[in-house]
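Visitor: This is the structure I have questions about; it appears just below.
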Number of protein chains: 4
Amino acid sequence: MAQAPLKLRDEQAKTAYLNRLRRIEGQIRGLEKMIDDDKYCIDVLTQVSAATKALESFALALLDDHLGSCVKDAVRAGGNVADDKIKEASQAIARLVR
Amino acid sequence: MAQAPLKLRDEQAKTAYLNRLRRIEGQIRGLEKMIDDDKYCIDVLTQVSAATKALESFALALLDDHLGSCVKDAVRAGGNVADDKIKEASQAIARLVR
Amino acid sequence: MAQAPLKLRDEQAKTAYLNRLRRIEGQIRGLEKMIDDDKYCIDVLTQVSAATKALESFALALLDDHLGSCVKDAVRAGGNVADDKIKEASQAIARLVR
Amino acid sequence: MAQAPLKLRDEQAKTAYLNRLRRIEGQIRGLEKMIDDDKYCIDVLTQVSAATKALESFALALLDDHLGSCVKDAVRAGGNVADDKIKEASQAIARLVR
């Protein structure tokens, strides 16, 4: 399957991604506690902005990896797959920007 | 304390906010599972965009409540507090936009 | 008309807003020249990001003024108009964030 | 020069990009007129959001073209240039997202 190679990400990258997501999960649980403890709106909003930025950074790191692996490999292999991969990446970028 | 009135949010609003955050926490855990299961980057990115948008909507709902309660109350009370609250809200909005 | 008081913005604020917009207009014309001169995509994108951020800052300044004048005045006047103004501001903020 | 091939963009693409930018320039001039005519803040903000979104769409179209031409060509040529181009594109994407 083109979309699920045996080694899409090496173990080191996978661990790093998981750690980032677990930190974000911790931020979301922190937000739940803030709401539960009736914390001030503005302080909650500051933490929401931090979590949103952490998610964006995670996405940008993943996208960078994707361009440097899947998209690069597809372009090297040539043919229509390359154009499909580029189109697919552009659409993912658009969803992140908008 | 000006920033922690007895009833900052009513119980209904609090429950609704907590449910939204728990859904987002579920989305983040779903992302961890996707990384763990070596899911395709683009599919992971699609879910990141969904979680980011859910966080933004949560923030906008909270901000709307804040303007309609804390800021409104401060303006009614008059004086410098009102201007401080508006400045504080503007800064929170700027953090969400940038 | 509630939405067009005689002095919505003072002359100084108006001049400052106009100067900001004229600088942004200059940035857009700079972009046209870059495309016309076949400049490198990445350099064009850098300038697009700068113009986008300038527009966002303009919007945030205008919104801050709006909260501190129209919304504040409406809240002081009391009644339904205050809630309408806050709702309207929240919707404008949502359009900026999304 | 790697960054300025004879035909970075064909004439048709160039015309399309210029037309988009001229429409955005028109939107900015429209904003200047709105400020000059003391238009209501919320109506100005709605137009700012529209102009910002038009700039984002312009950037996404340019980026898509860039990935499908410069980046693709660099990957095909192989070597370090490919990785540099991908890194450069990732950084441009990050500037658009943040």
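Each chain in the structure tokens gets a letter, A, B, ..., in the order shown, and its residues are numbered from 1; ligands are numbered from 1 in order too.
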Give me the residues within 7 Å of Val71 of chain C as a short mmCIF file (atom, residue, chain, number, x, y, z; two decimals) with N, CA, C and O atoms, in the first residue's frame, counting only C-alpha atoms and dropping any in the same chain fewer than 5 places off.
Guide:
data_model
loop_
_atom_site.label_atom_id
_atom_site.label_comp_id
_atom_site.auth_asym_id
_atom_site.auth_seq_id
_atom_site.Cartn_x
_atom_site.Cartn_y
_atom_site.Cartn_z
N HIS C 66 -13.35 49.93 18.57
CA HIS C 66 -14.79 49.68 18.52
C HIS C 66 -15.31 49.25 19.90
O HIS C 66 -16.35 49.73 20.36
N ALA C 82 -27.13 46.91 23.79
CA ALA C 82 -25.84 46.47 24.32
C ALA C 82 -25.57 45.02 23.91
O ALA C 82 -24.48 44.69 23.40
N LYS C 85 -24.85 44.69 20.25
CA LYS C 85 -23.50 45.17 19.89
C LYS C 85 -22.45 44.13 20.26
O LYS C 85 -21.46 43.95 19.54
N ILE C 86 -22.63 43.49 21.41
CA ILE C 86 -21.66 42.48 21.85
C ILE C 86 -21.71 41.27 20.93
O ILE C 86 -20.67 40.75 20.51
#
Visitor: Do a neighbour search on Leu67 of chain C at 10 Å with only C-alpha atoms, toss out local chain neighbours closer than 2 positions, and write the hits as a PyMOL selection string.
Guide: (chain B and resi 67+71+83+86-87+89-90) or (chain C and resi 62-65+69-74+85-86+89) or (chain D and resi 41)
Visitor: Can you work out which residues from chain C touch chain A at a cut-off of 12 Å (counting only C-alpha atoms) and hand them back as an mmCIF file with N, CA, C and O atoms, in the first residue's frame?
Guide:
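Everything below was put into part-v4.cif:
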data_model
loop_
_atom_site.group_PDB
_atom_site.id
_atom_site.type_symbol
_atom_site.label_atom_id
_atom_site.label_comp_id
_atom_site.auth_asym_id
_atom_site.auth_seq_id
_atom_site.Cartn_x
_atom_site.Cartn_y
_atom_site.Cartn_z
ATOM 1 N N SER C 49 2.872 37.237 3.546
ATOM 2 C CA SER C 49 2.704 37.053 4.997
ATOM 3 C C SER C 49 2.790 38.384 5.720
ATOM 4 O O SER C 49 2.020 38.646 6.658
ATOM 5 N N THR C 52 -0.450 40.291 5.092
ATOM 6 C CA THR C 52 -1.541 39.672 5.851
ATOM 7 C C THR C 52 -1.460 40.086 7.318
ATOM 8 O O THR C 52 -2.474 40.443 7.946
ATOM 9 N N ARG C 95 -14.946 36.027 12.586
ATOM 10 C CA ARG C 95 -14.513 36.110 11.180
ATOM 11 C C ARG C 95 -13.013 36.373 11.082
ATOM 12 O O ARG C 95 -12.355 35.939 10.152
ATOM 13 N N LEU C 96 -12.464 37.109 12.045
ATOM 14 C CA LEU C 96 -11.019 37.382 12.033
ATOM 15 C C LEU C 96 -10.212 36.143 12.424
ATOM 16 O O LEU C 96 -9.119 35.916 11.909
ATOM 17 N N VAL C 97 -10.742 35.357 13.359
ATOM 18 C CA VAL C 97 -9.997 34.202 13.878
ATOM 19 C C VAL C 97 -10.013 33.052 12.879
ATOM 20 O O VAL C 97 -9.005 32.376 12.675
ATOM 21 N N ARG C 98 -11.148 32.822 12.229
ATOM 22 C CA ARG C 98 -11.272 31.641 11.365
ATOM 23 C C ARG C 98 -10.665 31.820 9.984
ATOM 24 O O ARG C 98 -10.592 32.918 9.505
#
Visitor: Between atom CA of Glu32 of chain B and atom CA of Tyr17 of chain A, what is the distance, to one decimal in Å?
Guide: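 Computing the Euclidean distance for atom CA of Glu32 of chain B and atom CA of Tyr17 of chain A yields 8.2 Å.
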Visitor: So which residues touch Leu21 of chain D within 10 Å, counting only C-alpha atoms, skipping near sequence neighbours fewer than 2 positions away, as a PyMOL selection string?
Guide: (chain C and resi 28-32+35) or (chain D and resi 15-19+23-27+54-55+58)
Visitor: Would you give me, as a PyMOL selection string, the residues in chain C that DSSP reads as helix (DSSP H, G or I)?
Guide: chain C and resi 11-36+41-77+80-97
Visitor: Suppose you want the space between atom CA of Ala92 of chain A and atom CA of Ile42 of chain B; what is it in Å?
Guide: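 One can read the atom CA of Ala92 of chain A to atom CA of Ile42 of chain B distance as 6.6 Å.
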Visitor: Calculate how many Å separate atom CA of Ala77 of chain A from atom CA of Asp37 of chain B, rounding to one decimal.
Guide: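 Calculated distance between atom CA of Ala77 of chain A and atom CA of Asp37 of chain B is 25.4 Å.
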